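First up is the structure itself, then whatever we jot down about it.
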Amino acid sequence: MDLSDKIDVLDRIYKIYDAFTDSLELACQRYCSTCCTCNVTMTSLEGYKIANHLIENSKLELFKKIKDKSYKKRFLPKITTNKIADLCIQGKELPDEKIDSSWGSCPLLMNDECPIYTVRPFGCRCMVSKTNCIDEAEMDPFVLTVNNVFLQYIEHIDQQGFSGNFTDVLLFMESEDNYKNYRIKDLTNPEEGLIKNLPMTILLVPPEHKNKIKPILNSLRLPTT
């Protein structure tokens, strides 16, 4: 699958998820940015899509905005979602990963709004709550299952790429060489702080959600990568 096909599949995955969340009763609305933290992660495919959007829309100053805040502490994932699934099915322990919303907000947030909202990564899209996050976020267990499945599919599509914190992936894609090498599939070793993606081998779906999630899985049928 070439890059343009992967972008098309990613857009379809976003559309399917948006349709799913449209069916939910959520407290999320414009200017609600409590969940917009510096701890969001994403794949290199999503990073490429965002970088392309910034380049095509003459928003290169947003790269500087990210770089200026890159000294701040943020979540750095040790393993990807598909690796978590593999370890869970093997009954192995997961690595300790510390994450704290007090580390700060998204480096791109402007007046409680997202300047890249239309191309925001799935890690942002899936932060939905039934209650106002200012009090305490509340997510239905089935929504958590759906979120994990979508994260696994997106990683699977980008299995030749990598994942990492939003800041690190975008700063990587800011490099013209990295941007071009990713496009021509000539990207071998990601930089420090980024981790290799894996293909999807098992889905993180608990028994009580297997029947309920079937329609979503049917809509997510993917072409061969």
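Chain labels follow the order of the structure tokens: the first chain is A, the next B, and so on; residue numbering restarts at 1 in every chain, and ligands are counted from 1 in their shown order.
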Got a sec to tell me which of range 106-195 of chain A DSSP assigns to alpha helix (DSSP H), as a PyMOL selection string? chain A and resi 122-125+141-157+166-174+176-183
Take the selection from the previous step and output its residues with N, CA and C atoms, as a CSV table (one decimal), in the first residue's frame.
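Full text of out21.csv as output:
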chain,number,residue,atom,x,y,z
A,122,PHE,N,-5.7,10.6,16.1
A,122,PHE,CA,-6.7,9.9,16.7
A,122,PHE,C,-6.6,10.0,18.3
A,123,GLY,N,-5.4,10.2,18.8
A,123,GLY,CA,-5.2,10.3,20.2
A,123,GLY,C,-6.0,11.5,20.8
A,124,CYS,N,-6.2,12.5,19.9
A,124,CYS,CA,-7.1,13.6,20.3
A,124,CYS,C,-8.6,13.3,20.1
A,125,ARG,N,-8.9,12.7,19.0
A,125,ARG,CA,-10.3,12.4,18.6
A,125,ARG,C,-10.9,11.5,19.6
A,141,PRO,N,-16.9,2.0,29.3
A,141,PRO,CA,-15.9,0.9,29.1
A,141,PRO,C,-15.9,0.5,27.6
A,142,PHE,N,-17.1,0.4,27.0
A,142,PHE,CA,-17.1,0.0,25.6
A,142,PHE,C,-16.4,1.0,24.7
A,143,VAL,N,-16.5,2.3,25.0
A,143,VAL,CA,-15.8,3.3,24.2
A,143,VAL,C,-14.3,3.1,24.4
A,144,LEU,N,-13.8,2.8,25.5
A,144,LEU,CA,-12.4,2.5,25.7
A,144,LEU,C,-11.9,1.3,24.8
A,145,THR,N,-12.8,0.3,24.8
A,145,THR,CA,-12.5,-0.9,23.9
A,145,THR,C,-12.4,-0.4,22.4
A,146,VAL,N,-13.4,0.4,22.0
A,146,VAL,CA,-13.4,0.9,20.6
A,146,VAL,C,-12.1,1.7,20.3
A,147,ASN,N,-11.8,2.5,21.3
A,147,ASN,CA,-10.6,3.4,21.1
A,147,ASN,C,-9.3,2.5,20.9
A,148,ASN,N,-9.2,1.5,21.7
A,148,ASN,CA,-8.0,0.6,21.6
A,148,ASN,C,-8.0,-0.1,20.3
A,149,VAL,N,-9.1,-0.5,19.8
A,149,VAL,CA,-9.2,-1.2,18.5
A,149,VAL,C,-8.8,-0.2,17.4
A,150,PHE,N,-9.3,1.0,17.4
A,150,PHE,CA,-8.9,2.0,16.4
A,150,PHE,C,-7.4,2.3,16.4
A,151,LEU,N,-6.9,2.4,17.6
A,151,LEU,CA,-5.4,2.7,17.8
A,151,LEU,C,-4.6,1.5,17.2
A,152,GLN,N,-5.1,0.3,17.4
A,152,GLN,CA,-4.4,-0.8,16.8
A,152,GLN,C,-4.5,-0.8,15.3
A,153,TYR,N,-5.6,-0.5,14.7
A,153,TYR,CA,-5.7,-0.5,13.3
A,153,TYR,C,-4.9,0.6,12.6
A,154,ILE,N,-4.8,1.8,13.3
A,154,ILE,CA,-4.0,2.9,12.7
A,154,ILE,C,-2.5,2.5,12.8
A,155,GLU,N,-2.1,1.9,13.9
A,155,GLU,CA,-0.7,1.4,14.0
A,155,GLU,C,-0.4,0.4,12.9
A,156,HIS,N,-1.4,-0.5,12.7
A,156,HIS,CA,-1.2,-1.6,11.7
A,156,HIS,C,-1.0,-1.0,10.3
A,157,ILE,N,-1.8,0.0,9.9
A,157,ILE,CA,-1.6,0.6,8.6
A,157,ILE,C,-0.3,1.2,8.5
A,166,PHE,N,3.2,13.4,20.4
A,166,PHE,CA,2.8,14.4,19.4
A,166,PHE,C,4.0,15.3,19.0
A,167,THR,N,4.6,15.9,20.0
A,167,THR,CA,5.7,16.8,19.8
A,167,THR,C,6.9,16.2,19.1
A,168,ASP,N,7.3,15.0,19.5
A,168,ASP,CA,8.4,14.4,18.9
A,168,ASP,C,8.2,13.9,17.5
A,169,VAL,N,7.0,13.4,17.2
A,169,VAL,CA,6.7,13.0,15.9
A,169,VAL,C,6.7,14.2,14.9
A,170,LEU,N,6.1,15.3,15.3
A,170,LEU,CA,6.0,16.4,14.5
A,170,LEU,C,7.3,17.1,14.3
A,171,LEU,N,8.1,17.2,15.3
A,171,LEU,CA,9.5,17.7,15.2
A,171,LEU,C,10.3,16.9,14.2
A,172,PHE,N,10.1,15.6,14.3
A,172,PHE,CA,10.8,14.6,13.3
A,172,PHE,C,10.3,14.9,11.9
A,173,MET,N,9.0,15.1,11.7
A,173,MET,CA,8.5,15.4,10.4
A,173,MET,C,8.8,16.8,9.9
A,174,GLU,N,9.2,17.7,10.8
A,174,GLU,CA,9.6,19.0,10.3
A,174,GLU,C,10.9,19.0,9.4
A,176,GLU,N,13.0,18.2,6.5
A,176,GLU,CA,12.7,18.0,5.1
A,176,GLU,C,13.1,16.6,4.6
A,177,ASP,N,14.3,16.2,5.1
A,177,ASP,CA,14.8,14.8,4.8
A,177,ASP,C,13.9,13.7,5.4
A,178,ASN,N,13.5,13.9,6.6
A,178,ASN,CA,12.7,12.9,7.2
A,178,ASN,C,11.3,12.8,6.5
A,179,TYR,N,10.8,14.0,6.2
A,179,TYR,CA,9.5,14.1,5.6
A,179,TYR,C,9.5,13.3,4.2
A,180,LYS,N,10.6,13.6,3.4
A,180,LYS,CA,10.7,13.0,2.1
A,180,LYS,C,11.0,11.5,2.2
A,181,ASN,N,11.9,11.1,3.2
A,181,ASN,CA,12.2,9.7,3.3
A,181,ASN,C,11.0,8.9,3.8
A,182,TYR,N,10.2,9.4,4.6
A,182,TYR,CA,9.0,8.7,5.0
A,182,TYR,C,8.1,8.5,3.8
A,183,ARG,N,8.0,9.5,3.0
A,183,ARG,CA,7.1,9.5,1.8
A,183,ARG,C,7.6,8.4,0.8
As a PyMOL selection string, please: every residue in range 23-184 of chain A that DSSP puts in strand (DSSP E). chain A and resi 41-43+162-165
Let me see the file: selected residues, C-alpha atoms, as a short mmCIF file (atom, residue, chain, number, x, y, z; two decimals), in the first residue's frame.
data_model
loop_
_atom_site.label_atom_id
_atom_site.label_comp_id
_atom_site.auth_asym_id
_atom_site.auth_seq_id
_atom_site.Cartn_x
_atom_site.Cartn_y
_atom_site.Cartn_z
CA THR A 41 0.75 10.17 21.13
CA MET A 42 0.40 9.39 17.43
CA THR A 43 1.86 7.44 14.54
CA PHE A 162 6.82 4.54 14.26
CA SER A 163 4.93 6.15 17.13
CA GLY A 164 5.73 8.68 19.80
CA ASN A 165 4.62 11.80 21.57
#
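Closest approach to Ile216 in chain A from the set A:Gln159, A:Thr21, A:Asn82, A:Ser102 is made by A:Thr21, with distances taken over only C-alpha atoms.
When only C-alpha atoms are used to compute distances to Glu192 in chain A, the closest of the residues A:Val205, A:Leu76, A:Leu217, A:Asp96 turns out to be A:Leu76.
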